[in-house]
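Listing of run23.cif; format and content: mmCIF, C-alpha atoms.
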```
data_start
loop_
_atom_site.label_atom_id
_atom_site.label_comp_id
_atom_site.auth_asym_id
_atom_site.auth_seq_id
_atom_site.Cartn_x
_atom_site.Cartn_y
_atom_site.Cartn_z
CA MET A 229 45.43 -214.05 125.41
CA THR A 230 46.64 -210.47 124.90
CA ASN A 231 45.73 -207.90 127.58
CA PRO A 232 43.57 -205.14 125.95
CA ALA A 233 45.45 -202.40 127.87
CA ASN A 234 48.79 -203.74 126.62
CA ASP A 235 47.36 -203.92 123.10
CA ILE A 236 46.36 -200.21 123.23
CA VAL A 237 49.84 -199.23 124.45
CA LYS A 238 51.41 -201.31 121.69
CA GLN A 239 49.26 -199.57 119.07
CA ALA A 240 50.21 -196.19 120.58
CA LYS A 241 53.92 -197.11 120.33
CA GLN A 242 53.38 -197.94 116.67
CA GLY A 243 52.05 -194.39 116.12
CA SER A 244 48.25 -194.91 116.20
CA VAL A 245 46.73 -191.49 116.99
CA ALA A 246 43.50 -193.07 118.31
CA ALA A 247 45.49 -195.26 120.71
CA ILE A 248 47.63 -192.28 121.83
CA ILE A 249 44.45 -190.31 122.63
CA GLN A 250 43.06 -193.21 124.66
CA VAL A 251 46.27 -193.58 126.68
CA LEU A 252 46.43 -189.81 127.32
CA ASN A 253 42.77 -189.67 128.42
CA ASP A 254 43.31 -192.61 130.80
CA LYS A 255 46.40 -190.99 132.32
CA LEU A 256 44.84 -187.49 132.59
CA ALA A 257 41.40 -188.61 133.84
CA ASP A 258 42.25 -187.71 137.44
CA SER A 259 42.89 -184.07 136.46
CA GLY A 260 39.67 -183.69 134.45
CA VAL A 261 41.51 -183.03 131.18
CA ARG A 262 40.29 -184.60 127.92
CA THR A 263 42.36 -184.69 124.74
CA ARG A 264 41.84 -184.81 120.99
CA ALA A 265 44.61 -185.15 118.41
CA ILE A 266 45.35 -184.97 114.68
CA PHE A 267 48.66 -185.83 113.00
CA ALA A 268 49.31 -183.22 110.29
CA ASP A 269 52.48 -182.12 108.45
CA GLY A 270 54.73 -184.21 110.69
CA VAL A 271 53.35 -182.65 113.91
CA LEU A 272 50.94 -184.24 116.39
CA GLN A 273 48.40 -181.47 117.00
CA LEU A 274 47.05 -182.12 120.51
CA LEU A 275 44.03 -180.28 122.00
CA CYS A 276 43.58 -180.36 125.81
CA GLU A 277 40.20 -179.25 127.18
CA ALA A 278 38.91 -178.84 130.75
CA PRO A 279 36.08 -176.94 132.49
CA THR A 280 38.41 -174.47 134.30
CA THR A 281 41.67 -172.66 133.57
CA GLU A 282 43.23 -174.06 136.77
CA GLN A 283 43.05 -177.58 135.32
CA LEU A 284 44.92 -176.32 132.21
CA GLU A 285 47.84 -174.69 134.03
CA SER A 286 50.53 -174.70 131.35
CA SER A 287 53.72 -175.71 133.19
CA THR A 288 52.14 -178.69 134.96
CA LEU A 289 50.10 -179.96 131.99
CA ILE A 290 52.91 -179.63 129.42
CA GLU A 291 55.37 -181.57 131.58
CA ARG A 292 52.82 -184.30 132.32
CA VAL A 293 51.91 -184.73 128.64
CA ARG A 294 55.62 -184.82 127.76
CA GLN A 295 56.27 -187.60 130.30
CA ILE A 296 53.33 -189.70 129.07
CA LEU A 297 54.29 -189.37 125.39
CA GLU A 298 57.98 -190.05 126.02
CA ALA A 299 57.01 -193.17 128.00
CA ILE A 300 54.92 -194.30 125.00
CA ALA A 301 57.66 -193.30 122.49
CA PRO A 302 55.29 -193.34 119.49
CA ARG A 303 56.98 -194.30 116.25
CA ASN A 304 57.70 -191.43 113.80
CA ILE A 305 56.28 -188.79 116.19
CA ARG A 306 58.77 -186.33 117.68
CA ARG A 307 57.09 -182.91 117.38
CA VAL A 308 53.93 -182.26 119.41
CA ASN A 309 51.99 -178.98 119.48
CA ILE A 310 49.92 -178.78 122.67
CA ASN A 311 46.86 -176.48 122.52
CA SER A 312 44.51 -175.75 125.41
CA ARG A 313 41.09 -174.17 125.78
CA ILE A 314 38.00 -174.23 127.96
CA VAL A 315 35.86 -177.25 127.07
CA ARG A 316 33.07 -176.65 124.58
CA GLU A 317 30.76 -178.65 122.34
CA GLN A 318 32.20 -181.29 120.04
CA GLN A 319 33.79 -179.80 116.92
CA LEU A 320 34.87 -182.10 114.13
CA LEU A 321 36.99 -179.36 112.52
CA TRP A 322 38.53 -178.06 115.76
CA LEU A 323 42.05 -177.73 114.26
CA GLU A 324 40.71 -175.53 111.45
CA GLU A 325 38.75 -173.50 114.00
CA ILE A 326 41.71 -172.76 116.28
CA SER A 327 44.03 -172.13 113.31
CA ARG A 328 41.62 -169.50 111.97
CA ASP A 329 41.21 -167.62 115.26
CA PRO A 330 43.84 -168.76 117.82
CA GLU A 331 43.65 -165.62 119.94
CA ASN A 332 40.01 -166.11 120.92
CA GLN A 333 39.99 -169.91 120.77
CA LEU A 334 43.01 -170.88 122.90
CA LEU A 335 44.34 -170.18 126.37
CA TRP A 336 47.87 -171.06 125.26
CA SER A 337 49.76 -173.17 122.74
CA LYS A 338 53.19 -174.81 123.09
CA GLU A 339 55.20 -177.05 120.73
CA ILE A 340 57.52 -179.61 122.33
CA THR A 341 60.00 -182.16 120.96
CA LEU A 342 59.98 -185.65 122.44
CA LYS A 343 63.25 -187.32 123.41
CA LYS A 344 64.11 -190.41 121.37
CA PRO A 345 64.40 -193.51 123.61
CA GLY A 346 67.84 -195.11 123.88
CA LEU A 347 68.84 -198.36 122.23
CA PHE A 348 68.73 -200.37 125.45
CA LYS A 349 65.23 -199.09 126.28
CA GLN A 350 64.01 -200.03 122.82
CA LEU A 351 65.44 -203.53 123.21
CA ALA A 352 63.87 -203.88 126.66
CA ASP A 353 60.47 -202.77 125.34
CA GLU A 354 60.69 -205.23 122.47
CA TRP A 355 61.63 -208.01 124.88
CA ARG A 356 58.70 -207.25 127.21
CA SER A 357 56.32 -207.12 124.24
CA TRP A 358 57.69 -210.42 122.96
CA ARG A 359 57.23 -212.09 126.35
CA ALA A 360 53.74 -210.55 126.88
CA GLU A 361 52.47 -212.03 123.64
CA GLY A 362 53.46 -215.49 124.84
CA TYR A 363 56.18 -216.31 122.33
CA SER A 364 58.45 -219.21 123.28
CA VAL A 365 61.13 -221.35 121.69
CA PRO A 366 59.55 -224.34 119.88
CA SER A 367 60.20 -227.60 121.66
CA GLN A 368 60.99 -229.30 118.35
CA ALA A 369 63.26 -226.58 116.98
CA SER A 370 65.71 -227.68 114.36
CA PRO A 371 69.49 -227.48 115.00
CA ARG A 372 69.70 -224.63 112.51
CA GLN A 373 67.02 -222.62 114.37
CA LEU A 374 68.75 -223.21 117.70
CA ARG A 375 72.08 -222.13 116.21
CA GLU A 376 70.55 -218.93 114.80
CA GLN A 377 68.95 -218.12 118.15
CA ARG A 378 72.24 -218.62 119.98
CA GLN A 379 74.00 -216.37 117.47
CA PHE A 380 71.34 -213.71 117.91
CA TRP A 381 71.62 -213.59 121.70
CA ARG A 382 75.40 -213.86 121.51
CA GLY A 383 75.41 -210.75 119.28
CA ILE A 384 73.14 -208.85 121.69
CA THR A 385 75.29 -209.78 124.69
CA GLY A 386 78.53 -209.01 122.87
CA GLY A 387 77.26 -205.62 121.73
CA ALA A 388 76.24 -204.71 125.28
CA LEU A 389 79.64 -205.75 126.67
CA VAL A 390 81.53 -203.80 124.00
CA SER A 391 79.46 -200.71 124.72
CA CYS A 392 80.19 -200.99 128.45
CA LEU A 393 83.91 -201.43 127.81
CA VAL A 394 84.02 -198.41 125.48
CA LEU A 395 82.25 -196.25 128.06
CA ALA A 396 84.54 -197.44 130.86
CA GLY A 397 87.64 -196.84 128.72
CA GLY A 398 86.50 -193.37 127.75
CA TRP A 399 85.86 -192.46 131.38
CA TRP A 400 89.28 -193.75 132.44
CA VAL A 401 91.04 -191.73 129.72
CA TYR A 402 89.11 -188.61 130.67
CA SER A 403 89.85 -188.95 134.40
CA ARG A 404 93.51 -189.86 133.73
CA PHE A 405 94.50 -187.11 131.32
CA SER A 406 92.09 -184.26 132.04
CA ALA A 407 93.92 -181.42 133.80
CA PRO A 408 92.50 -180.37 137.20
CA PRO A 409 91.31 -176.76 137.48
CA ASN A 410 93.81 -174.18 138.67
CA GLN A 411 93.71 -173.82 142.44
CA PRO A 412 95.03 -170.76 144.32
CA GLU A 413 98.15 -171.19 146.39
CA PRO A 414 97.59 -171.91 150.13
CA ASP A 415 99.42 -168.72 151.16
CA THR A 416 97.18 -166.66 148.88
CA VAL A 417 94.04 -168.22 150.37
CA ALA A 418 95.29 -167.59 153.90
CA LYS A 419 96.07 -163.93 153.11
CA ALA A 420 92.70 -163.40 151.47
CA SER A 421 90.81 -164.95 154.39
CA SER A 422 92.78 -162.93 156.95
CA SER A 423 92.07 -159.69 155.09
CA THR A 424 88.33 -160.32 155.00
CA THR A 425 87.95 -161.39 158.63
CA ASP A 426 88.88 -158.02 160.07
CA PRO A 427 86.05 -157.12 162.55
CA ALA A 428 86.16 -153.42 161.66
CA ALA A 429 85.94 -154.11 157.95
CA SER A 430 83.05 -156.52 158.42
CA GLN A 431 81.11 -153.96 160.45
CA VAL A 432 81.53 -151.33 157.71
CA SER A 433 80.83 -153.59 154.73
CA SER A 434 77.87 -155.46 156.26
CA PRO A 435 75.32 -152.92 157.48
CA SER A 436 72.04 -154.18 158.88
CA VAL A 437 69.33 -153.80 156.25
CA PRO A 438 65.72 -154.57 157.21
CA LYS A 439 64.01 -157.08 154.98
CA PRO A 440 60.89 -155.84 153.18
CA ASN A 441 57.58 -157.40 154.10
CA VAL A 442 56.36 -159.51 151.20
CA THR A 443 52.77 -160.67 151.13
CA THR A 444 51.21 -162.91 148.57
CA THR A 445 47.54 -163.20 147.69
CA ASP A 446 45.81 -165.79 145.61
CA SER A 447 44.64 -164.12 142.42
CA PRO A 448 43.53 -165.49 139.04
CA ASP A 449 45.77 -165.34 135.99
CA PRO A 450 44.71 -162.06 134.30
CA PHE A 451 45.53 -163.36 130.82
CA ALA A 452 43.43 -166.51 131.24
CA LYS A 453 40.59 -164.52 132.84
CA ALA A 454 40.60 -162.08 129.90
CA VAL A 455 40.57 -164.90 127.34
CA THR A 456 37.63 -166.55 129.11
CA LEU A 457 35.64 -163.29 129.09
CA ALA A 458 36.52 -162.67 125.43
CA THR A 459 35.38 -166.17 124.47
CA GLN A 460 32.06 -165.63 126.26
CA ALA A 461 31.62 -162.23 124.60
CA SER A 462 32.38 -163.69 121.18
CA ASP A 463 29.74 -166.40 121.66
CA GLU A 464 27.14 -163.90 122.95
CA GLY A 465 27.83 -161.59 120.02
CA GLN A 466 26.51 -164.27 117.66
CA VAL A 467 23.01 -164.10 119.18
CA ALA A 468 22.75 -160.56 120.61
CA LYS A 469 19.72 -158.65 119.30
CA SER A 470 18.38 -156.15 121.84
CA SER A 471 20.01 -152.94 122.97
CA ALA A 472 20.39 -154.33 126.51
CA GLU A 473 22.22 -157.40 125.21
CA TRP A 474 24.64 -155.25 123.20
CA LEU A 475 25.26 -153.04 126.24
CA SER A 476 26.05 -156.15 128.30
CA LEU A 477 28.33 -157.32 125.50
CA ALA A 478 30.18 -153.97 125.48
CA ALA A 479 30.70 -154.22 129.24
CA ARG A 480 32.07 -157.76 128.90
CA TRP A 481 34.57 -156.74 126.18
CA GLN A 482 35.67 -153.79 128.33
CA GLU A 483 36.15 -156.09 131.33
CA ALA A 484 38.27 -158.43 129.17
CA SER A 485 40.38 -155.45 128.08
CA ASP A 486 40.85 -154.37 131.72
CA TRP A 487 42.05 -157.86 132.69
CA MET A 488 44.51 -157.92 129.78
CA ALA A 489 45.93 -154.61 130.97
CA LYS A 490 46.79 -156.27 134.31
CA VAL A 491 49.28 -158.72 132.74
CA PRO A 492 52.67 -157.64 134.22
CA SER A 493 55.62 -156.67 132.05
CA SER A 494 57.61 -159.62 133.47
CA ASP A 495 55.13 -162.05 131.90
CA THR A 496 56.22 -163.55 128.56
CA ARG A 497 52.70 -162.82 127.22
CA HIS A 498 52.89 -159.10 128.06
CA GLN A 499 53.29 -157.85 124.46
CA LEU A 500 50.46 -160.08 123.24
CA ALA A 501 48.30 -158.85 126.11
CA GLN A 502 48.96 -155.20 125.17
CA ASP A 503 47.80 -155.90 121.61
CA ARG A 504 44.62 -157.52 122.87
CA VAL A 505 43.88 -154.61 125.21
CA ALA A 506 43.33 -152.39 122.16
CA GLN A 507 41.45 -155.12 120.26
CA TYR A 508 39.01 -155.80 123.09
CA ARG A 509 38.45 -152.07 123.72
CA GLU A 510 37.64 -151.59 120.03
CA LYS A 511 35.15 -154.48 120.17
CA SER A 512 33.56 -152.84 123.23
CA GLU A 513 33.12 -149.56 121.30
CA VAL A 514 31.54 -151.43 118.37
CA ALA A 515 29.07 -153.16 120.70
CA LEU A 516 28.22 -149.84 122.35
CA GLN A 517 27.54 -148.19 118.97
CA GLU A 518 25.32 -151.12 117.99
CA ALA A 519 23.33 -150.73 121.23
CA LYS A 520 22.82 -147.01 120.48
CA ARG A 521 21.73 -147.78 116.90
CA ILE A 522 19.12 -150.31 118.03
CA GLN A 523 17.86 -147.92 120.71
CA ALA A 524 17.49 -145.17 118.11
CA GLU A 525 15.49 -147.48 115.81
CA VAL A 526 13.15 -148.52 118.64
CA SER A 527 12.61 -144.99 119.97
CA PRO A 528 13.36 -142.52 117.19
CA GLU A 529 11.69 -139.70 119.04
CA ALA A 530 14.04 -140.25 121.96
CA SER A 531 17.07 -139.79 119.76
CA ALA A 532 15.66 -136.75 117.87
CA PRO A 533 17.06 -133.34 118.86
CA GLU A 534 14.90 -131.17 121.10
CA PRO A 535 13.24 -128.17 119.40
CA GLN A 536 14.80 -124.79 120.04
#
```
Represent the structure from my file as structure tokens, please.
Amino acid sequence: MTNPANDIVKQAKQGSVAAIIQVLNDKLADSGVRTRAIFADGVLQLLCEAPTTEQLESSTLIERVRQILEAIAPRNIRRVNINSRIVREQQLLWLEEISRDPENQLLWSKEITLKKPGLFKQLADEWRSWRAEGYSVPSQASPRQLREQRQFWRGITGGALVSCLVLAGGWWVYSRFSAPPNQPEPDTVAKASSSTTDPAASQVSSPSVPKPNVTTTDSPDPFAKAVTLATQASDEGQVAKSSAEWLSLAARWQEASDWMAKVPSSDTRHQLAQDRVAQYREKSEVALQEAKRIQAEVSPEASAPEPQ
């Protein structure tokens, strides 16, 4: 009887997107990350969702997903685009949603290319799959079948031996005929070392320089914090009606803009953050104008000019 877990892995190796999602969710369950996937235009579009930005830290999550997928080695899948965002309600058209508005929908997005497994690994996987499914040589096999089986395994063994011999021969030729790097003459090394060990010279060239005090503090990622605030503001903007709600919305957009401005110039997302600073500030101004308009409609006498 076939093990269901092995059957899922086998389907994932054959390129089943549903099986790949199930394997990923099982492997990432301890980190609280859930995945969804769609195979489109030769790329596996993968969406990773979690309740907090810390669970979606890019360097750790990307490497872990890469290791899981390369261990599966799904057939005909080499390019994977990993998208991440804070978890939200189920969306059947999530790929269309993030493609239409990636800036406000995603924390980050990264495309990776999976390494193709080697020939020996593929043969080993096929052998394990063959043994797991309980295949065996028929007890009443005909002489022709036995001869074909012996020829098959003789070809596998011969190919492996030839490959090992070719590798060993190539290494021997390289080590035998490759020229060693140029080394300085012993006298030159001795002269150089004696000239640099002069006490007076070492005192002049090696002054004592105090080391600066470096302190580190735990602080949130300003880019991720700004994206979270912008996502909340975008959702609230769909239902805001009163002047107070629009004022709160303007404050939230301004806070998102302030967080974006904190992204350092050394960050690879700095230029994108600078663009969003202006975008979020403009959205804050729009929300503020809307709050003033609603206030004027509710209390027109308050907005009328005082008589001279």
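For the atom pair formed by CA of Gln502 (chain A) and CA of Pro450 (chain A), the distance is 12.2 Å, given to one decimal.
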Item to complete: Skip region 487-493 of chain A itself and residues of its chain fewer than 5 positions away, then list as JSON, numbers by chain all residues within 8 Å of it, counting all atoms listed in the file.
Response: {"A": [450, 451, 453, 454, 498, 501, 502, 504, 505]}
Worksheet item: By how many Å are CA of Ile266 (chain A) and CA of Leu284 (chain A) apart?
Response: 19.6 Å
Worksheet entry | Output of the PyMOL selection byres ((chain A and resi 455) around 8), listed as number ranges by chain | A: 332, 334-335, 451-454, 456-459, 484
Item to complete: Tell me which residues the PyMOL selection byres ((chain A and resi 343) around 9) grabs here, as a PyMOL selection string.
Response: chain A and resi 298+301+306+341-342+344-345
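For the residues A:Ile314, A:Gln242, A:Leu389, A:Ile290, ranking by smallest atom-to-atom distance to Gly260 (chain A) using all atoms listed in the file places A:Ile314 first.
CA of Ile249 (chain A) to CA of Arg316 (chain A) spans 17.9 Å [interatomic distance, one decimal].
Matched in the shown structure by the PyMOL selection byres ((chain A and resi 514) around 12): Gly465, Trp474, Leu475, Leu477, Ala478, Ala479, Trp481, Gln482, Gln507, Tyr508, Arg509, Glu510, Lys511, Ser512, Glu513, Ala515, Leu516, Gln517, Glu518, Ala519, Lys520 and Arg521 of chain A.
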Worksheet item: For Arg303 (chain A), which residue out of A:Gly386, A:Gly398, A:Pro448, A:Gly270 is the nearest one, using only C-alpha atoms?
Response: A:Gly270
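Of the residues under consideration (A:Ser286, A:Gln273, A:Thr263, A:Thr496), A:Thr263 shows the shortest atom-to-atom contact distance to Gln250 (chain A) when counting only C-alpha atoms.
Among the candidates A:Ile340, A:Leu272, A:Ala278, A:Ala299, the residue lying nearest to Val251 (chain A) is A:Ala299 (atoms considered: all atoms listed in the file).
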Worksheet entry | Selection near Pro302 (chain A), 6 Å with only C-alpha atoms, sequence-local residues under 2 positions removed, as a PyMOL selection string | chain A and resi 240-243+300+305
Worksheet item: Which residues, protein or nucleic acid, reach to within 7 Å of (48.7, -176.7, 127.1) in the file's coordinates when using all atoms listed in the file, and can you give that as number ranges by chain?
Response: A: 276, 284, 286, 289-290, 310-312, 336-338
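Nearest to Glu325 (chain A) of all the residues A:Leu393, A:Asn304, A:Ile296, A:Leu275 is A:Leu275, counting all atoms listed in the file.
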Restore N, CA and C atoms in region 310-326 of chain A and list the result as a CSV table (one decimal), in the coordinates of the input.
```
chain,number,residue,atom,x,y,z
A,310,ILE,N,51.0,-178.7,121.7
A,310,ILE,CA,49.9,-178.8,122.7
A,310,ILE,C,49.1,-177.5,122.7
A,311,ASN,N,47.8,-177.6,122.5
A,311,ASN,CA,46.9,-176.5,122.5
A,311,ASN,C,45.9,-176.7,123.7
A,312,SER,N,45.5,-175.6,124.3
A,312,SER,CA,44.5,-175.8,125.4
A,312,SER,C,43.4,-174.7,125.3
A,313,ARG,N,42.2,-175.1,125.7
A,313,ARG,CA,41.1,-174.2,125.8
A,313,ARG,C,40.0,-174.7,126.7
A,314,ILE,N,39.1,-173.8,127.1
A,314,ILE,CA,38.0,-174.2,128.0
A,314,ILE,C,37.1,-175.2,127.1
A,315,VAL,N,36.6,-176.2,127.8
A,315,VAL,CA,35.9,-177.2,127.1
A,315,VAL,C,34.6,-176.7,126.5
A,316,ARG,N,34.3,-177.1,125.3
A,316,ARG,CA,33.1,-176.6,124.6
A,316,ARG,C,32.5,-177.8,123.8
A,317,GLU,N,31.4,-177.6,123.0
A,317,GLU,CA,30.8,-178.6,122.3
A,317,GLU,C,31.7,-179.3,121.3
A,318,GLN,N,31.3,-180.5,121.0
A,318,GLN,CA,32.2,-181.3,120.0
A,318,GLN,C,32.3,-180.6,118.7
A,319,GLN,N,33.5,-180.4,118.2
A,319,GLN,CA,33.8,-179.8,116.9
A,319,GLN,C,34.7,-180.7,116.1
A,320,LEU,N,34.1,-181.2,115.0
A,320,LEU,CA,34.9,-182.1,114.1
A,320,LEU,C,36.1,-181.4,113.5
A,321,LEU,N,35.9,-180.1,113.2
A,321,LEU,CA,37.0,-179.4,112.5
A,321,LEU,C,37.6,-178.4,113.5
A,322,TRP,N,38.0,-178.9,114.7
A,322,TRP,CA,38.5,-178.1,115.8
A,322,TRP,C,39.9,-177.5,115.4
A,323,LEU,N,40.7,-178.2,114.6
A,323,LEU,CA,42.0,-177.7,114.3
A,323,LEU,C,41.9,-176.6,113.3
A,324,GLU,N,41.0,-176.6,112.4
A,324,GLU,CA,40.7,-175.5,111.4
A,324,GLU,C,40.2,-174.3,112.2
A,325,GLU,N,39.3,-174.6,113.2
A,325,GLU,CA,38.8,-173.5,114.0
A,325,GLU,C,39.8,-172.7,114.8
A,326,ILE,N,40.7,-173.5,115.5
A,326,ILE,CA,41.7,-172.8,116.3
A,326,ILE,C,42.8,-172.1,115.4
```
